[in-house]
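Chemist: For reference, this is upload.cif, and it has mmCIF, N, CA and C atoms.
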data_coords
loop_
_atom_site.label_atom_id
_atom_site.label_comp_id
_atom_site.auth_asym_id
_atom_site.auth_seq_id
_atom_site.Cartn_x
_atom_site.Cartn_y
_atom_site.Cartn_z
N MET A 1 0.83 -1.19 0.00
CA MET A 1 0.00 0.00 0.00
C MET A 1 0.87 1.25 0.00
N SER A 2 1.67 1.39 -1.02
CA SER A 2 2.56 2.54 -1.08
C SER A 2 1.80 3.81 -1.40
N GLY A 3 0.57 3.72 -1.90
CA GLY A 3 -0.18 4.91 -2.25
C GLY A 3 -1.12 5.39 -1.16
N SER A 4 -0.97 4.87 0.05
CA SER A 4 -1.89 5.26 1.11
C SER A 4 -1.57 6.67 1.61
N ALA A 5 -2.56 7.29 2.23
CA ALA A 5 -2.38 8.65 2.75
C ALA A 5 -1.39 8.68 3.90
N PHE A 6 -1.36 7.61 4.70
CA PHE A 6 -0.45 7.59 5.84
C PHE A 6 1.00 7.56 5.37
N ASN A 7 1.30 6.77 4.33
CA ASN A 7 2.66 6.73 3.81
C ASN A 7 3.06 8.08 3.22
N ALA A 8 2.11 8.78 2.61
CA ALA A 8 2.40 10.12 2.09
C ALA A 8 2.68 11.07 3.25
N PHE A 9 1.94 10.92 4.36
CA PHE A 9 2.18 11.76 5.53
C PHE A 9 3.55 11.47 6.12
N LYS A 10 3.91 10.19 6.23
CA LYS A 10 5.22 9.83 6.77
C LYS A 10 6.35 10.37 5.90
N ALA A 11 6.13 10.43 4.59
CA ALA A 11 7.17 10.93 3.69
C ALA A 11 7.39 12.41 3.89
N ARG A 12 6.36 13.16 4.27
CA ARG A 12 6.49 14.61 4.46
C ARG A 12 7.01 14.97 5.83
N VAL A 13 6.69 14.19 6.85
CA VAL A 13 7.06 14.52 8.22
C VAL A 13 8.29 13.70 8.62
N PRO A 14 9.39 14.37 8.94
CA PRO A 14 10.55 13.59 9.39
C PRO A 14 10.30 13.04 10.79
N ILE A 15 10.38 11.74 10.93
CA ILE A 15 10.15 11.10 12.22
C ILE A 15 11.51 10.71 12.79
N GLU A 16 11.83 11.27 13.92
CA GLU A 16 13.10 10.96 14.56
C GLU A 16 12.82 10.20 15.85
N TRP A 17 13.84 9.55 16.34
CA TRP A 17 13.69 8.75 17.54
C TRP A 17 13.36 9.64 18.73
N SER A 18 12.46 9.18 19.56
CA SER A 18 12.05 9.94 20.73
C SER A 18 12.06 9.01 21.94
N PRO A 19 12.52 9.49 23.10
CA PRO A 19 12.52 8.63 24.29
C PRO A 19 11.11 8.37 24.82
N ARG A 20 10.18 9.25 24.49
CA ARG A 20 8.79 9.09 24.95
C ARG A 20 7.88 9.00 23.74
N LEU A 21 6.89 8.12 23.84
CA LEU A 21 5.88 7.99 22.80
C LEU A 21 4.53 8.35 23.40
N TYR A 22 3.74 9.08 22.65
CA TYR A 22 2.39 9.46 23.06
C TYR A 22 1.43 8.63 22.23
N ILE A 23 0.62 7.82 22.91
CA ILE A 23 -0.26 6.87 22.26
C ILE A 23 -1.70 7.28 22.51
N THR A 24 -2.48 7.38 21.45
CA THR A 24 -3.88 7.78 21.54
C THR A 24 -4.74 6.67 20.98
N LEU A 25 -5.76 6.28 21.73
CA LEU A 25 -6.72 5.28 21.26
C LEU A 25 -7.73 5.98 20.36
N VAL A 26 -7.82 5.57 19.10
CA VAL A 26 -8.71 6.25 18.16
C VAL A 26 -9.85 5.36 17.68
N ARG A 27 -9.79 4.06 17.95
CA ARG A 27 -10.87 3.17 17.56
C ARG A 27 -11.52 2.61 18.82
N GLY A 28 -12.78 2.29 18.74
CA GLY A 28 -13.50 1.81 19.90
C GLY A 28 -13.12 0.38 20.28
N LEU A 29 -13.39 0.04 21.53
CA LEU A 29 -13.07 -1.29 22.04
C LEU A 29 -14.12 -2.36 21.72
N PRO A 30 -15.41 -2.03 21.59
CA PRO A 30 -16.38 -3.08 21.30
C PRO A 30 -16.07 -3.76 19.96
N GLY A 31 -16.11 -5.07 19.98
CA GLY A 31 -15.87 -5.84 18.77
C GLY A 31 -14.41 -6.20 18.55
N THR A 32 -13.53 -5.80 19.46
CA THR A 32 -12.12 -6.16 19.31
C THR A 32 -11.84 -7.46 20.05
N ARG A 33 -10.72 -8.05 19.75
CA ARG A 33 -10.34 -9.29 20.41
C ARG A 33 -10.00 -9.03 21.88
N ARG A 34 -10.19 -10.07 22.68
CA ARG A 34 -9.90 -9.95 24.11
C ARG A 34 -8.41 -9.67 24.33
N LEU A 35 -7.56 -10.27 23.54
CA LEU A 35 -6.12 -10.05 23.67
C LEU A 35 -5.77 -8.58 23.40
N HIS A 36 -6.43 -7.99 22.41
CA HIS A 36 -6.18 -6.57 22.11
C HIS A 36 -6.70 -5.68 23.23
N ARG A 37 -7.86 -6.01 23.78
CA ARG A 37 -8.40 -5.22 24.89
C ARG A 37 -7.48 -5.29 26.10
N ARG A 38 -6.95 -6.47 26.38
CA ARG A 38 -6.04 -6.61 27.53
C ARG A 38 -4.73 -5.88 27.28
N THR A 39 -4.27 -5.85 26.04
CA THR A 39 -3.05 -5.11 25.71
C THR A 39 -3.27 -3.62 25.90
N LEU A 40 -4.42 -3.12 25.45
CA LEU A 40 -4.73 -1.70 25.63
C LEU A 40 -4.89 -1.37 27.10
N ASP A 41 -5.47 -2.28 27.86
CA ASP A 41 -5.62 -2.07 29.30
C ASP A 41 -4.25 -2.01 29.97
N ALA A 42 -3.31 -2.81 29.51
CA ALA A 42 -1.97 -2.80 30.07
C ALA A 42 -1.26 -1.48 29.75
N MET A 43 -1.64 -0.86 28.64
CA MET A 43 -1.06 0.44 28.28
C MET A 43 -1.85 1.60 28.88
N ARG A 44 -2.83 1.31 29.72
CA ARG A 44 -3.69 2.31 30.38
C ARG A 44 -4.56 3.09 29.38
N LEU A 45 -4.96 2.44 28.30
CA LEU A 45 -5.87 3.05 27.33
C LEU A 45 -7.22 2.37 27.48
N ARG A 46 -8.14 3.06 28.13
CA ARG A 46 -9.44 2.45 28.41
C ARG A 46 -10.58 3.14 27.68
N ARG A 47 -10.37 4.36 27.20
CA ARG A 47 -11.45 5.09 26.52
C ARG A 47 -10.91 5.71 25.24
N CYS A 48 -11.80 5.93 24.30
CA CYS A 48 -11.42 6.51 23.01
C CYS A 48 -10.93 7.95 23.18
N HIS A 49 -10.01 8.34 22.33
CA HIS A 49 -9.45 9.70 22.28
C HIS A 49 -8.75 10.09 23.57
N ARG A 50 -8.21 9.13 24.29
CA ARG A 50 -7.38 9.40 25.46
C ARG A 50 -5.94 9.15 25.08
N THR A 51 -5.04 9.97 25.59
CA THR A 51 -3.62 9.87 25.26
C THR A 51 -2.83 9.55 26.51
N VAL A 52 -1.88 8.62 26.37
CA VAL A 52 -0.97 8.28 27.46
C VAL A 52 0.46 8.38 26.93
N ALA A 53 1.39 8.66 27.84
CA ALA A 53 2.80 8.75 27.49
C ALA A 53 3.53 7.54 28.06
N HIS A 54 4.37 6.94 27.25
CA HIS A 54 5.15 5.79 27.67
C HIS A 54 6.59 5.95 27.20
N ARG A 55 7.50 5.30 27.92
CA ARG A 55 8.90 5.26 27.46
C ARG A 55 9.00 4.32 26.27
N ASN A 56 9.90 4.63 25.37
CA ASN A 56 10.10 3.84 24.16
C ASN A 56 10.93 2.60 24.49
N THR A 57 10.26 1.47 24.70
CA THR A 57 10.94 0.23 25.04
C THR A 57 10.54 -0.86 24.03
N PRO A 58 11.34 -1.90 23.90
CA PRO A 58 10.97 -2.98 22.97
C PRO A 58 9.64 -3.66 23.31
N SER A 59 9.33 -3.80 24.59
CA SER A 59 8.06 -4.43 24.96
C SER A 59 6.88 -3.55 24.56
N LEU A 60 7.03 -2.24 24.71
CA LEU A 60 5.96 -1.34 24.28
C LEU A 60 5.80 -1.38 22.77
N LEU A 61 6.90 -1.43 22.03
CA LEU A 61 6.81 -1.49 20.57
C LEU A 61 6.12 -2.78 20.13
N GLY A 62 6.33 -3.87 20.85
CA GLY A 62 5.63 -5.12 20.53
C GLY A 62 4.13 -5.00 20.79
N MET A 63 3.77 -4.35 21.89
CA MET A 63 2.34 -4.14 22.17
C MET A 63 1.71 -3.23 21.12
N LEU A 64 2.43 -2.21 20.71
CA LEU A 64 1.91 -1.30 19.69
C LEU A 64 1.75 -2.01 18.35
N ASN A 65 2.65 -2.90 18.05
CA ASN A 65 2.53 -3.66 16.80
C ASN A 65 1.28 -4.52 16.82
N GLN A 66 0.88 -4.98 17.99
CA GLN A 66 -0.29 -5.83 18.11
C GLN A 66 -1.59 -5.03 17.92
N VAL A 67 -1.63 -3.80 18.38
CA VAL A 67 -2.87 -3.01 18.32
C VAL A 67 -2.71 -1.78 17.41
N LYS A 68 -1.88 -1.90 16.38
CA LYS A 68 -1.57 -0.74 15.55
C LYS A 68 -2.78 -0.20 14.80
N ARG A 69 -3.80 -1.01 14.60
CA ARG A 69 -4.99 -0.52 13.89
C ARG A 69 -5.92 0.28 14.80
N LEU A 70 -5.70 0.21 16.10
CA LEU A 70 -6.58 0.88 17.05
C LEU A 70 -6.01 2.17 17.61
N VAL A 71 -4.70 2.40 17.44
CA VAL A 71 -4.05 3.53 18.11
C VAL A 71 -3.30 4.40 17.09
N VAL A 72 -2.97 5.61 17.55
CA VAL A 72 -2.09 6.51 16.82
C VAL A 72 -0.91 6.81 17.73
N VAL A 73 0.30 6.70 17.18
CA VAL A 73 1.52 6.90 17.95
C VAL A 73 2.18 8.19 17.48
N GLU A 74 2.54 9.04 18.44
CA GLU A 74 3.21 10.30 18.13
C GLU A 74 4.51 10.40 18.94
N THR A 75 5.50 11.05 18.35
CA THR A 75 6.71 11.35 19.10
C THR A 75 6.45 12.59 19.94
N GLU A 76 7.43 12.95 20.75
CA GLU A 76 7.25 14.11 21.64
C GLU A 76 7.10 15.40 20.84
N VAL A 77 7.87 15.53 19.75
CA VAL A 77 7.81 16.74 18.93
C VAL A 77 6.44 16.85 18.25
N MET A 78 5.96 15.73 17.71
CA MET A 78 4.65 15.75 17.04
C MET A 78 3.53 16.06 18.04
N PHE A 79 3.61 15.49 19.25
CA PHE A 79 2.58 15.72 20.26
C PHE A 79 2.56 17.18 20.68
N ASN A 80 3.74 17.76 20.93
CA ASN A 80 3.80 19.17 21.34
C ASN A 80 3.30 20.09 20.25
N ALA A 81 3.61 19.79 18.99
CA ALA A 81 3.13 20.62 17.88
C ALA A 81 1.61 20.55 17.77
N ARG A 82 1.04 19.35 17.96
CA ARG A 82 -0.42 19.21 17.88
C ARG A 82 -1.10 19.95 19.03
N LYS A 83 -0.53 19.86 20.24
CA LYS A 83 -1.13 20.55 21.39
C LYS A 83 -1.05 22.06 21.21
N GLN A 84 0.07 22.56 20.66
CA GLN A 84 0.19 24.00 20.44
C GLN A 84 -0.83 24.48 19.41
N GLN A 85 -1.04 23.68 18.36
CA GLN A 85 -2.03 24.03 17.36
C GLN A 85 -3.43 24.05 17.96
N GLN A 86 -3.74 23.12 18.84
CA GLN A 86 -5.05 23.11 19.48
C GLN A 86 -5.22 24.32 20.38
N GLU A 87 -4.17 24.73 21.12
CA GLU A 87 -4.25 25.91 21.98
C GLU A 87 -4.46 27.17 21.17
N GLU A 88 -3.79 27.28 20.03
CA GLU A 88 -3.98 28.46 19.18
C GLU A 88 -5.40 28.49 18.62
N HIS A 89 -5.95 27.31 18.33
CA HIS A 89 -7.31 27.26 17.81
C HIS A 89 -8.32 27.68 18.88
N ARG A 90 -8.03 27.33 20.14
CA ARG A 90 -8.95 27.66 21.24
C ARG A 90 -8.70 29.05 21.83
N ALA A 91 -7.72 29.77 21.32
CA ALA A 91 -7.38 31.07 21.89
C ALA A 91 -8.56 32.03 21.76
N LEU A 92 -8.60 32.99 22.67
CA LEU A 92 -9.70 33.95 22.66
C LEU A 92 -9.63 34.81 21.41
N ARG A 93 -10.78 35.01 20.82
CA ARG A 93 -10.87 35.84 19.64
C ARG A 93 -11.64 37.09 20.01
N PRO A 94 -11.46 38.19 19.26
CA PRO A 94 -12.22 39.39 19.58
C PRO A 94 -13.72 39.13 19.36
N PRO A 95 -14.55 39.73 20.20
CA PRO A 95 -15.99 39.46 20.07
C PRO A 95 -16.56 40.05 18.80
N ILE A 96 -17.60 39.42 18.31
CA ILE A 96 -18.31 39.91 17.14
C ILE A 96 -19.36 40.88 17.63
N VAL A 97 -19.31 42.11 17.14
CA VAL A 97 -20.25 43.14 17.56
C VAL A 97 -21.36 43.21 16.53
N VAL A 98 -22.58 43.01 16.99
CA VAL A 98 -23.74 43.06 16.11
C VAL A 98 -24.57 44.27 16.50
N SER A 99 -24.82 45.15 15.55
CA SER A 99 -25.63 46.33 15.80
C SER A 99 -27.02 46.10 15.24
N HIS A 100 -28.03 46.26 16.10
CA HIS A 100 -29.40 46.03 15.67
C HIS A 100 -30.11 47.33 15.30
N SER A 101 -29.41 48.44 15.32
CA SER A 101 -30.04 49.69 14.89
C SER A 101 -30.05 49.74 13.37
N PRO A 102 -31.06 50.38 12.80
CA PRO A 102 -31.14 50.42 11.34
C PRO A 102 -29.99 51.25 10.77
N PRO A 103 -29.52 50.90 9.58
CA PRO A 103 -28.43 51.67 8.98
C PRO A 103 -28.92 53.08 8.62
N PRO A 104 -28.03 54.06 8.69
CA PRO A 104 -28.45 55.43 8.35
C PRO A 104 -28.80 55.54 6.87
N THR A 105 -29.86 56.28 6.59
CA THR A 105 -30.27 56.50 5.19
C THR A 105 -29.41 57.60 4.60
N PRO A 106 -29.22 57.62 3.29
CA PRO A 106 -28.36 58.65 2.67
C PRO A 106 -28.87 60.07 2.88
N SER A 107 -30.18 60.25 2.95
CA SER A 107 -30.71 61.62 3.12
C SER A 107 -30.44 62.13 4.55
N SER A 108 -30.56 61.27 5.56
CA SER A 108 -30.31 61.72 6.92
C SER A 108 -28.82 61.95 7.13
N ALA A 109 -27.97 61.22 6.46
CA ALA A 109 -26.54 61.42 6.57
C ALA A 109 -26.14 62.75 5.93
N ALA A 110 -26.82 63.10 4.84
CA ALA A 110 -26.51 64.38 4.17
C ALA A 110 -27.01 65.54 5.02
N ASP A 111 -28.17 65.38 5.72
CA ASP A 111 -28.69 66.45 6.58
C ASP A 111 -27.77 66.70 7.77
N SER A 112 -27.21 65.67 8.31
CA SER A 112 -26.36 65.83 9.48
C SER A 112 -25.02 66.43 9.10
N ALA A 113 -24.62 66.29 7.86
CA ALA A 113 -23.34 66.85 7.41
C ALA A 113 -23.45 68.37 7.22
N LYS A 114 -24.65 68.91 6.98
CA LYS A 114 -24.83 70.36 6.76
C LYS A 114 -24.73 71.13 7.99
#
Transcribe the structure of this file into structure tokens.

Modeler:
Amino acid sequence: MSGSAFNAFKARVPIEWSPRLYITLVRGLPGTRRLHRRTLDAMRLRRCHRTVAHRNTPSLLGMLNQVKRLVVVETEVMFNARKQQQEEHRALRPPIVVSHSPPPTPSSAADSAK
């Protein structure tokens, strides 16, 4: 599957080794195998869209290989960039001012100018 969107994403984003991995559960648990559910439970992933941080170890990489269809793995740099983007999106914006008074007519504007 060299034409998949994920491979295109990997080609654009340089992935470097990171001592910590951030793992997010993106698929639901109902309908999955018991072994996969127990693996996710061992990684402390019990609900969808929850993220946990783990050290990058061979045993963790083996568990991730087992449940790779259910999770998304990010390095520390990718996780921090995503969190910063979310904070910028949630930043306070100036309020929208809505005026309910009728717009001035051209004749009244000309009278007030005299």

Chemist: How would you write, as a ChimeraX atom specification, the residues chosen by the PyMOL selection byres ((chain A and resi 53-59) around 8) on this structure?

Modeler: /A:18-24,43,50-52,60-65

Chemist: To one decimal place in Å, what is the distance between atom C of Val67 in chain A and atom C of His49 in chain A?

Modeler: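 The value is 14.7 Å.
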
Chemist: Using all atoms listed in the file, pick whichever of A:Arg44, A:Arg93, A:Pro103, A:Leu70 has the shortest atom-to-atom distance to Gly28 in chain A.

Modeler: A:Leu70

Chemist: Could you pull out the residues in range 21-113 of chain A that DSSP calls strand (DSSP E or B) from the backbone, as a list of chain:residue names?

Modeler: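 The strand (DSSP E or B) subset of range 21-113 of chain A is A:Leu21, A:Tyr22, A:Ile23, A:Thr24, A:Leu25, A:Thr51, A:Val52, A:Ala53, A:His54, A:Arg55, A:Val71, A:Val72, A:Val73, A:Glu74, A:Thr75.
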
Chemist: Create the file for the chosen residues now, containing N, CA and C atoms and written as a tab-separated table (two decimals), in the coordinates of the input.

Modeler:
chain	number	residue	atom	x	y	z
A	21	LEU	N	6.89	8.12	23.84
A	21	LEU	CA	5.88	7.99	22.80
A	21	LEU	C	4.53	8.35	23.40
A	22	TYR	N	3.74	9.08	22.65
A	22	TYR	CA	2.39	9.46	23.06
A	22	TYR	C	1.43	8.63	22.23
A	23	ILE	N	0.62	7.82	22.91
A	23	ILE	CA	-0.26	6.87	22.26
A	23	ILE	C	-1.70	7.28	22.51
A	24	THR	N	-2.48	7.38	21.45
A	24	THR	CA	-3.88	7.78	21.54
A	24	THR	C	-4.74	6.67	20.98
A	25	LEU	N	-5.76	6.28	21.73
A	25	LEU	CA	-6.72	5.28	21.26
A	25	LEU	C	-7.73	5.98	20.36
A	51	THR	N	-5.04	9.97	25.59
A	51	THR	CA	-3.62	9.87	25.26
A	51	THR	C	-2.83	9.55	26.51
A	52	VAL	N	-1.88	8.62	26.37
A	52	VAL	CA	-0.97	8.28	27.46
A	52	VAL	C	0.46	8.38	26.93
A	53	ALA	N	1.39	8.66	27.84
A	53	ALA	CA	2.80	8.75	27.49
A	53	ALA	C	3.53	7.54	28.06
A	54	HIS	N	4.37	6.94	27.25
A	54	HIS	CA	5.15	5.79	27.67
A	54	HIS	C	6.59	5.95	27.20
A	55	ARG	N	7.50	5.30	27.92
A	55	ARG	CA	8.90	5.26	27.46
A	55	ARG	C	9.00	4.32	26.27
A	71	VAL	N	-4.70	2.40	17.44
A	71	VAL	CA	-4.05	3.53	18.11
A	71	VAL	C	-3.30	4.40	17.09
A	72	VAL	N	-2.97	5.61	17.55
A	72	VAL	CA	-2.09	6.51	16.82
A	72	VAL	C	-0.91	6.81	17.73
A	73	VAL	N	0.30	6.70	17.18
A	73	VAL	CA	1.52	6.90	17.95
A	73	VAL	C	2.18	8.19	17.48
A	74	GLU	N	2.54	9.04	18.44
A	74	GLU	CA	3.21	10.30	18.13
A	74	GLU	C	4.51	10.40	18.94
A	75	THR	N	5.50	11.05	18.35
A	75	THR	CA	6.71	11.35	19.10
A	75	THR	C	6.45	12.59	19.94

Chemist: Kindly give the distance, in Å, that separates atom N of Ala81 in chain A and atom N of Leu25 in chain A, rounded to a single decimal.

Modeler: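 Interatomic distance here is 16.7 Å.
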
Chemist: Box along x, y and z, 4 Å on every side, all listed atoms of range 38-45 of chain A inside: centre and edge lengths in Å to one decimal, as AutoDock Vina command-line options.

Modeler:
--center_x -4.1 --center_y -1.8 --center_z 27.9 --size_x 14.2 --size_y 17.7 --size_z 12.9
